Amino acid sequence: MTPISSIEVNGEPVFGVGIDAQTRCSHWRGRHDTIALRMKCCERWMACFECHRECTDHPAEVWSIYERDQRAVLCGSCGQTLTISEYFNAFSCLHCGTRFNPGCADHYQLYFEIE
Ligand SMILES: [Zn+2]
Ligand SMILES: [Zn+2]
Ligand SMILES: [Zn+2]
């Protein structure tokens with residue numbers, strides 16, 4: 001397994017490979033790649049799905065459509081959390097206005113069950 005690093009955001013540890021202060025990791029380093037996701041399987045905040053795969057020895061589980069009120073999205077810019085449904089309906093952080101990477105929508109199914 002790849003060595004994992006972690007940072008603290010508002011007292012919560014966030015894990016990732018080569019994670020930076022805005023939760024970018026070695027896989028996603030774009031200016032807008034500043035969110036972390038809480039994984040359903042282990043309830044750990046991870047910079048991305050790839051980080052989870054490299055740093056754990058279990059398969060990732062996705063949040064079901066009945067868990068859209070879970071605070072599973074963390075804004076790396078301000079450290080506030082969003083529920084899954086808030087995240088789905090926002091193009092930027094509800095708290096600080098930081099824009100999310102629109103390309104993330106292509107990967108929703110890695111983290112969340114999609115109808
Ligand atoms: Zn896990
Ligand atoms: Zn990653
Ligand atoms: Zn924010």
# chains A, B, ... in the order shown; residues from 1 in each chain; ligands from 1
call {"tool": "select_by_dssp", "arguments": {"residues": "chain A", "states": "helix (DSSP H, G or I)", "output": "PyMOL selection string"}}
result
chain A and resi 49-55+65-67+84-88+102-111
call {"tool": "residues_near_ligand", "arguments": {"ligand": "ligand 1", "cutoff": "10 Å", "atoms": "only C-alpha atoms and all ligand atoms", "output": "PDB file with N, CA and C atoms, in the first residue's frame"}}
result
ATOM      1  N   ARG A  38     -16.212  11.698   2.550  1.00  0.00           N
ATOM      2  CA  ARG A  38     -16.236  10.713   3.630  1.00  0.00           C
ATOM      3  C   ARG A  38     -16.710   9.399   3.031  1.00  0.00           C
ATOM      4  N   MET A  39     -15.921   8.359   3.197  1.00  0.00           N
ATOM      5  CA  MET A  39     -16.247   7.081   2.599  1.00  0.00           C
ATOM      6  C   MET A  39     -17.234   6.346   3.498  1.00  0.00           C
ATOM      7  N   LYS A  40     -18.248   5.760   2.890  1.00  0.00           N
ATOM      8  CA  LYS A  40     -19.255   5.060   3.672  1.00  0.00           C
ATOM      9  C   LYS A  40     -18.671   3.845   4.403  1.00  0.00           C
ATOM     10  N   CYS A  41     -17.746   3.144   3.748  1.00  0.00           N
ATOM     11  CA  CYS A  41     -17.222   1.887   4.295  1.00  0.00           C
ATOM     12  C   CYS A  41     -16.483   2.089   5.609  1.00  0.00           C
ATOM     13  N   CYS A  42     -15.626   3.101   5.690  1.00  0.00           N
ATOM     14  CA  CYS A  42     -14.788   3.249   6.877  1.00  0.00           C
ATOM     15  C   CYS A  42     -14.987   4.603   7.564  1.00  0.00           C
ATOM     16  N   GLU A  43     -15.897   5.444   7.019  1.00  0.00           N
ATOM     17  CA  GLU A  43     -16.191   6.750   7.602  1.00  0.00           C
ATOM     18  C   GLU A  43     -14.954   7.619   7.706  1.00  0.00           C
ATOM     19  N   ARG A  44     -13.968   7.348   6.863  1.00  0.00           N
ATOM     20  CA  ARG A  44     -12.786   8.198   6.838  1.00  0.00           C
ATOM     21  C   ARG A  44     -12.952   9.251   5.757  1.00  0.00           C
ATOM     22  N   TRP A  45     -12.441  10.445   6.051  1.00  0.00           N
ATOM     23  CA  TRP A  45     -12.375  11.480   5.021  1.00  0.00           C
ATOM     24  C   TRP A  45     -11.193  11.171   4.129  1.00  0.00           C
ATOM     25  N   MET A  46     -11.442  11.075   2.825  1.00  0.00           N
ATOM     26  CA  MET A  46     -10.380  10.777   1.876  1.00  0.00           C
ATOM     27  C   MET A  46     -10.348  11.859   0.807  1.00  0.00           C
ATOM     28  N   PHE A  49     -11.209   8.819  -4.387  1.00  0.00           N
ATOM     29  CA  PHE A  49     -11.431   7.386  -4.481  1.00  0.00           C
ATOM     30  C   PHE A  49     -10.114   6.614  -4.661  1.00  0.00           C
ATOM     31  N   HIS A  52      -8.328   6.222  -1.503  1.00  0.00           N
ATOM     32  CA  HIS A  52      -8.929   5.170  -0.695  1.00  0.00           C
ATOM     33  C   HIS A  52      -8.443   3.800  -1.160  1.00  0.00           C
ATOM     34  N   ARG A  53      -8.412   3.618  -2.475  1.00  0.00           N
ATOM     35  CA  ARG A  53      -8.011   2.311  -3.018  1.00  0.00           C
ATOM     36  C   ARG A  53      -6.555   2.000  -2.652  1.00  0.00           C
ATOM     37  N   CYS A  55      -4.801   3.221  -0.161  1.00  0.00           N
ATOM     38  CA  CYS A  55      -4.432   3.314   1.251  1.00  0.00           C
ATOM     39  C   CYS A  55      -5.203   2.371   2.152  1.00  0.00           C
ATOM     40  N   THR A  56      -6.151   1.630   1.613  1.00  0.00           N
ATOM     41  CA  THR A  56      -6.913   0.715   2.458  1.00  0.00           C
ATOM     42  C   THR A  56      -6.909  -0.657   1.801  1.00  0.00           C
ATOM     43  N   ASP A  57      -7.341  -1.652   2.553  1.00  0.00           N
ATOM     44  CA  ASP A  57      -7.338  -3.010   2.017  1.00  0.00           C
ATOM     45  C   ASP A  57      -8.750  -3.545   1.877  1.00  0.00           C
ATOM     46  N   HIS A  58      -9.733  -2.645   1.782  1.00  0.00           N
ATOM     47  CA  HIS A  58     -11.111  -3.095   1.603  1.00  0.00           C
ATOM     48  C   HIS A  58     -11.741  -2.326   0.449  1.00  0.00           C
ATOM     49  N   PRO A  59     -12.767  -2.933  -0.165  1.00  0.00           N
ATOM     50  CA  PRO A  59     -13.442  -2.234  -1.268  1.00  0.00           C
ATOM     51  C   PRO A  59     -14.252  -1.055  -0.763  1.00  0.00           C
ATOM     52  N   ALA A  60     -14.332  -0.014  -1.565  1.00  0.00           N
ATOM     53  CA  ALA A  60     -15.119   1.158  -1.187  1.00  0.00           C
ATOM     54  C   ALA A  60     -16.607   0.858  -1.321  1.00  0.00           C
ATOM     55  N   GLU A  61     -17.377   1.438  -0.402  1.00  0.00           N
ATOM     56  CA  GLU A  61     -18.833   1.353  -0.513  1.00  0.00           C
ATOM     57  C   GLU A  61     -19.360   2.727  -0.884  1.00  0.00           C
ATOM     58  N   VAL A  62     -20.480   2.753  -1.591  1.00  0.00           N
ATOM     59  CA  VAL A  62     -21.065   4.041  -1.958  1.00  0.00           C
ATOM     60  C   VAL A  62     -22.232   4.361  -1.024  1.00  0.00           C
TER      61      VAL A  62
END
call {"tool": "atom_distance", "arguments": {"atom1": "CA of Gly76 in chain A", "atom2": "CA of Ala21 in chain A"}}
result
7.4 Å
call {"tool": "closest_atom_pairs", "arguments": {"of": "chain A", "to": "ligand 2", "cutoff": "8 Å", "atoms": "only C-alpha atoms and all ligand atoms", "output": "Markdown table"}}
result
| residue | atom | partner | partner_atom_place_in_ligand_line | distance |
| --- | --- | --- | --- | --- |
| A:Gly16 | CA | ligand 2 | 1 (Zn) | 5.7 |
| A:Val17 | CA | ligand 2 | 1 (Zn) | 5.8 |
| A:Ile19 | CA | ligand 2 | 1 (Zn) | 7.8 |
| A:Arg24 | CA | ligand 2 | 1 (Zn) | 7.4 |
| A:Cys25 | CA | ligand 2 | 1 (Zn) | 4.6 |
| A:Ser26 | CA | ligand 2 | 1 (Zn) | 5.6 |
| A:His27 | CA | ligand 2 | 1 (Zn) | 4.5 |
| A:Trp28 | CA | ligand 2 | 1 (Zn) | 6.0 |
| A:Met46 | CA | ligand 2 | 1 (Zn) | 7.6 |
| A:Ala47 | CA | ligand 2 | 1 (Zn) | 5.2 |
| A:Cys48 | CA | ligand 2 | 1 (Zn) | 4.2 |
| A:Phe49 | CA | ligand 2 | 1 (Zn) | 6.2 |
| A:Glu50 | CA | ligand 2 | 1 (Zn) | 4.8 |
| A:Cys51 | CA | ligand 2 | 1 (Zn) | 3.9 |
| A:His52 | CA | ligand 2 | 1 (Zn) | 7.3 |
call {"tool": "write_last_selection", "arguments": {"atoms": "C-alpha atoms", "output": "PDB file, in the first residue's frame"}}
result
ATOM      1  CA  GLY A  16      -4.747  11.077   0.933  1.00  0.00           C
ATOM      2  CA  VAL A  17      -1.647  10.350  -1.071  1.00  0.00           C
ATOM      3  CA  ILE A  19      -2.470  15.490   0.333  1.00  0.00           C
ATOM      4  CA  ARG A  24      -5.778  18.018  -3.216  1.00  0.00           C
ATOM      5  CA  CYS A  25      -3.975  14.707  -3.650  1.00  0.00           C
ATOM      6  CA  SER A  26      -1.439  13.256  -6.028  1.00  0.00           C
ATOM      7  CA  HIS A  27      -4.264  12.089  -8.330  1.00  0.00           C
ATOM      8  CA  TRP A  28      -6.279  15.314  -8.518  1.00  0.00           C
ATOM      9  CA  MET A  46     -10.380  10.777   1.876  1.00  0.00           C
ATOM     10  CA  ALA A  47      -9.027  13.139  -0.773  1.00  0.00           C
ATOM     11  CA  CYS A  48     -10.363  10.868  -3.509  1.00  0.00           C
ATOM     12  CA  PHE A  49     -11.431   7.386  -4.481  1.00  0.00           C
ATOM     13  CA  GLU A  50      -7.953   6.488  -5.742  1.00  0.00           C
ATOM     14  CA  CYS A  51      -6.473   7.481  -2.416  1.00  0.00           C
ATOM     15  CA  HIS A  52      -8.929   5.170  -0.695  1.00  0.00           C
TER      16      HIS A  52
END
call {"tool": "closest_residue", "arguments": {"among": "A:Val14, A:Glu67, A:Ile7, A:Gly97", "to": "ligand 3", "atoms": "only C-alpha atoms and all ligand atoms"}}
result
A:Gly97
call {"tool": "atom_distance", "arguments": {"atom1": "CA of Thr81 in chain A", "atom2": "atom 1 (Zn, counted along the ligand's line) of ligand 3"}}
result
7.9 Å
call {"tool": "closest_atom_pairs", "arguments": {"of": "chain A", "to": "ligand 3", "cutoff": "12 Å", "atoms": "only C-alpha atoms and all ligand atoms", "output": "JSON lines"}}
result
{"residue": "A:Val9", "atom": "CA", "partner": "ligand 3", "partner_atom_place_in_ligand_line": "1 (Zn)", "distance": 11.5}
{"residue": "A:Asn10", "atom": "CA", "partner": "ligand 3", "partner_atom_place_in_ligand_line": "1 (Zn)", "distance": 12.0}
{"residue": "A:Gln22", "atom": "CA", "partner": "ligand 3", "partner_atom_place_in_ligand_line": "1 (Zn)", "distance": 10.1}
{"residue": "A:Thr23", "atom": "CA", "partner": "ligand 3", "partner_atom_place_in_ligand_line": "1 (Zn)", "distance": 11.8}
{"residue": "A:His32", "atom": "CA", "partner": "ligand 3", "partner_atom_place_in_ligand_line": "1 (Zn)", "distance": 11.3}
{"residue": "A:Asp33", "atom": "CA", "partner": "ligand 3", "partner_atom_place_in_ligand_line": "1 (Zn)", "distance": 12.0}
{"residue": "A:Thr34", "atom": "CA", "partner": "ligand 3", "partner_atom_place_in_ligand_line": "1 (Zn)", "distance": 8.9}
{"residue": "A:Ile35", "atom": "CA", "partner": "ligand 3", "partner_atom_place_in_ligand_line": "1 (Zn)", "distance": 8.7}
{"residue": "A:Ala36", "atom": "CA", "partner": "ligand 3", "partner_atom_place_in_ligand_line": "1 (Zn)", "distance": 11.2}
{"residue": "A:Val73", "atom": "CA", "partner": "ligand 3", "partner_atom_place_in_ligand_line": "1 (Zn)", "distance": 10.2}
{"residue": "A:Leu74", "atom": "CA", "partner": "ligand 3", "partner_atom_place_in_ligand_line": "1 (Zn)", "distance": 7.8}
{"residue": "A:Cys75", "atom": "CA", "partner": "ligand 3", "partner_atom_place_in_ligand_line": "1 (Zn)", "distance": 4.6}
{"residue": "A:Gly76", "atom": "CA", "partner": "ligand 3", "partner_atom_place_in_ligand_line": "1 (Zn)", "distance": 6.6}
{"residue": "A:Ser77", "atom": "CA", "partner": "ligand 3", "partner_atom_place_in_ligand_line": "1 (Zn)", "distance": 5.1}
{"residue": "A:Cys78", "atom": "CA", "partner": "ligand 3", "partner_atom_place_in_ligand_line": "1 (Zn)", "distance": 4.1}
{"residue": "A:Gly79", "atom": "CA", "partner": "ligand 3", "partner_atom_place_in_ligand_line": "1 (Zn)", "distance": 6.2}
{"residue": "A:Gln80", "atom": "CA", "partner": "ligand 3", "partner_atom_place_in_ligand_line": "1 (Zn)", "distance": 5.8}
{"residue": "A:Thr81", "atom": "CA", "partner": "ligand 3", "partner_atom_place_in_ligand_line": "1 (Zn)", "distance": 7.9}
{"residue": "A:Leu82", "atom": "CA", "partner": "ligand 3", "partner_atom_place_in_ligand_line": "1 (Zn)", "distance": 9.0}
{"residue": "A:Tyr87", "atom": "CA", "partner": "ligand 3", "partner_atom_place_in_ligand_line": "1 (Zn)", "distance": 11.1}
{"residue": "A:Ala90", "atom": "CA", "partner": "ligand 3", "partner_atom_place_in_ligand_line": "1 (Zn)", "distance": 11.4}
{"residue": "A:Phe91", "atom": "CA", "partner": "ligand 3", "partner_atom_place_in_ligand_line": "1 (Zn)", "distance": 11.3}
{"residue": "A:Ser92", "atom": "CA", "partner": "ligand 3", "partner_atom_place_in_ligand_line": "1 (Zn)", "distance": 7.8}
{"residue": "A:Cys93", "atom": "CA", "partner": "ligand 3", "partner_atom_place_in_ligand_line": "1 (Zn)", "distance": 4.6}
{"residue": "A:Leu94", "atom": "CA", "partner": "ligand 3", "partner_atom_place_in_ligand_line": "1 (Zn)", "distance": 6.6}
{"residue": "A:His95", "atom": "CA", "partner": "ligand 3", "partner_atom_place_in_ligand_line": "1 (Zn)", "distance": 4.9}
{"residue": "A:Cys96", "atom": "CA", "partner": "ligand 3", "partner_atom_place_in_ligand_line": "1 (Zn)", "distance": 4.1}
{"residue": "A:Gly97", "atom": "CA", "partner": "ligand 3", "partner_atom_place_in_ligand_line": "1 (Zn)", "distance": 6.0}
{"residue": "A:Thr98", "atom": "CA", "partner": "ligand 3", "partner_atom_place_in_ligand_line": "1 (Zn)", "distance": 5.6}
{"residue": "A:Arg99", "atom": "CA", "partner": "ligand 3", "partner_atom_place_in_ligand_line": "1 (Zn)", "distance": 8.5}
{"residue": "A:Phe100", "atom": "CA", "partner": "ligand 3", "partner_atom_place_in_ligand_line": "1 (Zn)", "distance": 9.4}
call {"tool": "write_last_selection", "arguments": {"atoms": "N, CA and C atoms", "output": "PDB file, in the first residue's frame"}}
result
ATOM      1  N   VAL A   9      -8.528  19.127   9.049  1.00  0.00           N
ATOM      2  CA  VAL A   9      -9.383  20.226   8.623  1.00  0.00           C
ATOM      3  C   VAL A   9     -10.475  20.353   9.677  1.00  0.00           C
ATOM      4  N   ASN A  10     -10.499  21.489  10.358  1.00  0.00           N
ATOM      5  CA  ASN A  10     -11.473  21.682  11.450  1.00  0.00           C
ATOM      6  C   ASN A  10     -11.462  20.523  12.436  1.00  0.00           C
ATOM      7  N   GLN A  22      -5.410  22.036   0.987  1.00  0.00           N
ATOM      8  CA  GLN A  22      -6.793  22.162   0.490  1.00  0.00           C
ATOM      9  C   GLN A  22      -7.362  20.807   0.057  1.00  0.00           C
ATOM     10  N   THR A  23      -6.776  19.738   0.543  1.00  0.00           N
ATOM     11  CA  THR A  23      -7.202  18.351   0.295  1.00  0.00           C
ATOM     12  C   THR A  23      -7.000  17.897  -1.152  1.00  0.00           C
ATOM     13  N   HIS A  32      -9.413  23.410  -8.805  1.00  0.00           N
ATOM     14  CA  HIS A  32     -10.742  23.249  -8.240  1.00  0.00           C
ATOM     15  C   HIS A  32     -10.931  21.912  -7.529  1.00  0.00           C
ATOM     16  N   ASP A  33      -9.878  21.118  -7.449  1.00  0.00           N
ATOM     17  CA  ASP A  33     -10.016  19.797  -6.824  1.00  0.00           C
ATOM     18  C   ASP A  33      -9.809  19.890  -5.330  1.00  0.00           C
ATOM     19  N   THR A  34     -10.721  20.619  -4.682  1.00  0.00           N
ATOM     20  CA  THR A  34     -10.478  20.939  -3.271  1.00  0.00           C
ATOM     21  C   THR A  34     -11.530  20.350  -2.348  1.00  0.00           C
ATOM     22  N   ILE A  35     -12.161  19.252  -2.742  1.00  0.00           N
ATOM     23  CA  ILE A  35     -13.074  18.639  -1.793  1.00  0.00           C
ATOM     24  C   ILE A  35     -12.547  17.275  -1.364  1.00  0.00           C
ATOM     25  N   ALA A  36     -12.975  16.872  -0.184  1.00  0.00           N
ATOM     26  CA  ALA A  36     -12.696  15.527   0.304  1.00  0.00           C
ATOM     27  C   ALA A  36     -14.030  14.837   0.529  1.00  0.00           C
ATOM     28  N   VAL A  73     -19.351  15.410   2.273  1.00  0.00           N
ATOM     29  CA  VAL A  73     -18.507  16.217   1.407  1.00  0.00           C
ATOM     30  C   VAL A  73     -17.874  17.327   2.248  1.00  0.00           C
ATOM     31  N   LEU A  74     -16.567  17.455   2.134  1.00  0.00           N
ATOM     32  CA  LEU A  74     -15.834  18.460   2.901  1.00  0.00           C
ATOM     33  C   LEU A  74     -15.174  19.432   1.932  1.00  0.00           C
ATOM     34  N   CYS A  75     -15.413  20.723   2.128  1.00  0.00           N
ATOM     35  CA  CYS A  75     -14.755  21.739   1.313  1.00  0.00           C
ATOM     36  C   CYS A  75     -13.357  21.971   1.876  1.00  0.00           C
ATOM     37  N   GLY A  76     -12.347  21.709   1.058  1.00  0.00           N
ATOM     38  CA  GLY A  76     -10.966  21.870   1.514  1.00  0.00           C
ATOM     39  C   GLY A  76     -10.561  23.327   1.665  1.00  0.00           C
ATOM     40  N   SER A  77     -11.352  24.239   1.103  1.00  0.00           N
ATOM     41  CA  SER A  77     -10.997  25.653   1.201  1.00  0.00           C
ATOM     42  C   SER A  77     -11.418  26.250   2.533  1.00  0.00           C
ATOM     43  N   CYS A  78     -12.631  25.918   2.998  1.00  0.00           N
ATOM     44  CA  CYS A  78     -13.107  26.532   4.237  1.00  0.00           C
ATOM     45  C   CYS A  78     -13.287  25.511   5.370  1.00  0.00           C
ATOM     46  N   GLY A  79     -13.222  24.222   5.051  1.00  0.00           N
ATOM     47  CA  GLY A  79     -13.318  23.210   6.097  1.00  0.00           C
ATOM     48  C   GLY A  79     -14.739  22.896   6.519  1.00  0.00           C
ATOM     49  N   GLN A  80     -15.748  23.490   5.858  1.00  0.00           N
ATOM     50  CA  GLN A  80     -17.140  23.197   6.196  1.00  0.00           C
ATOM     51  C   GLN A  80     -17.600  21.953   5.428  1.00  0.00           C
ATOM     52  N   THR A  81     -18.641  21.304   5.956  1.00  0.00           N
ATOM     53  CA  THR A  81     -19.142  20.108   5.296  1.00  0.00           C
ATOM     54  C   THR A  81     -20.471  20.391   4.606  1.00  0.00           C
ATOM     55  N   LEU A  82     -20.763  19.602   3.596  1.00  0.00           N
ATOM     56  CA  LEU A  82     -22.027  19.683   2.863  1.00  0.00           C
ATOM     57  C   LEU A  82     -22.666  18.311   2.878  1.00  0.00           C
ATOM     58  N   TYR A  87     -24.418  19.050  -2.106  1.00  0.00           N
ATOM     59  CA  TYR A  87     -23.304  18.999  -3.054  1.00  0.00           C
ATOM     60  C   TYR A  87     -23.809  18.776  -4.480  1.00  0.00           C
ATOM     61  N   ALA A  90     -25.136  22.039  -5.978  1.00  0.00           N
ATOM     62  CA  ALA A  90     -24.331  23.255  -5.931  1.00  0.00           C
ATOM     63  C   ALA A  90     -23.168  23.171  -6.908  1.00  0.00           C
ATOM     64  N   PHE A  91     -22.825  24.284  -7.484  1.00  0.00           N
ATOM     65  CA  PHE A  91     -21.643  24.341  -8.337  1.00  0.00           C
ATOM     66  C   PHE A  91     -20.457  24.902  -7.574  1.00  0.00           C
ATOM     67  N   SER A  92     -20.743  25.411  -6.395  1.00  0.00           N
ATOM     68  CA  SER A  92     -19.674  25.956  -5.571  1.00  0.00           C
ATOM     69  C   SER A  92     -20.049  25.741  -4.113  1.00  0.00           C
ATOM     70  N   CYS A  93     -19.075  25.917  -3.235  1.00  0.00           N
ATOM     71  CA  CYS A  93     -19.300  25.689  -1.813  1.00  0.00           C
ATOM     72  C   CYS A  93     -20.357  26.652  -1.272  1.00  0.00           C
ATOM     73  N   LEU A  94     -21.335  26.115  -0.531  1.00  0.00           N
ATOM     74  CA  LEU A  94     -22.398  26.940   0.035  1.00  0.00           C
ATOM     75  C   LEU A  94     -21.864  27.879   1.106  1.00  0.00           C
ATOM     76  N   HIS A  95     -20.700  27.568   1.654  1.00  0.00           N
ATOM     77  CA  HIS A  95     -20.163  28.325   2.772  1.00  0.00           C
ATOM     78  C   HIS A  95     -19.175  29.393   2.328  1.00  0.00           C
ATOM     79  N   CYS A  96     -18.277  29.062   1.405  1.00  0.00           N
ATOM     80  CA  CYS A  96     -17.228  30.017   1.029  1.00  0.00           C
ATOM     81  C   CYS A  96     -17.251  30.375  -0.453  1.00  0.00           C
ATOM     82  N   GLY A  97     -18.076  29.700  -1.242  1.00  0.00           N
ATOM     83  CA  GLY A  97     -18.186  30.069  -2.648  1.00  0.00           C
ATOM     84  C   GLY A  97     -17.116  29.499  -3.561  1.00  0.00           C
ATOM     85  N   THR A  98     -16.205  28.708  -3.005  1.00  0.00           N
ATOM     86  CA  THR A  98     -15.178  28.098  -3.859  1.00  0.00           C
ATOM     87  C   THR A  98     -15.842  27.181  -4.885  1.00  0.00           C
ATOM     88  N   ARG A  99     -15.443  27.360  -6.141  1.00  0.00           N
ATOM     89  CA  ARG A  99     -16.052  26.577  -7.198  1.00  0.00           C
ATOM     90  C   ARG A  99     -15.583  25.121  -7.126  1.00  0.00           C
ATOM     91  N   PHE A 100     -16.515  24.190  -7.356  1.00  0.00           N
ATOM     92  CA  PHE A 100     -16.146  22.776  -7.421  1.00  0.00           C
ATOM     93  C   PHE A 100     -15.720  22.439  -8.844  1.00  0.00           C
TER      94      PHE A 100
END
call {"tool": "closest_residue", "arguments": {"among": "A:Arg29, A:Glu54, A:Arg68, A:Pro102", "to": "Ser5 in chain A", "atoms": "only C-alpha atoms"}}
result
A:Glu54
call {"tool": "closest_residue", "arguments": {"among": "A:Leu37, A:Cys104, A:Ile84, A:Ile114", "to": "Pro13 in chain A", "atoms": "only C-alpha atoms"}}
result
A:Leu37
call {"tool": "atom_distance", "arguments": {"atom1": "CA of Phe88 in chain A", "atom2": "CA of Phe15 in chain A"}}
result
22.5 Å
call {"tool": "closest_residue", "arguments": {"among": "A:Trp63, A:Asp20, A:Glu86, A:Asp69", "to": "Leu110 in chain A", "atoms": "only C-alpha atoms"}}
result
A:Trp63
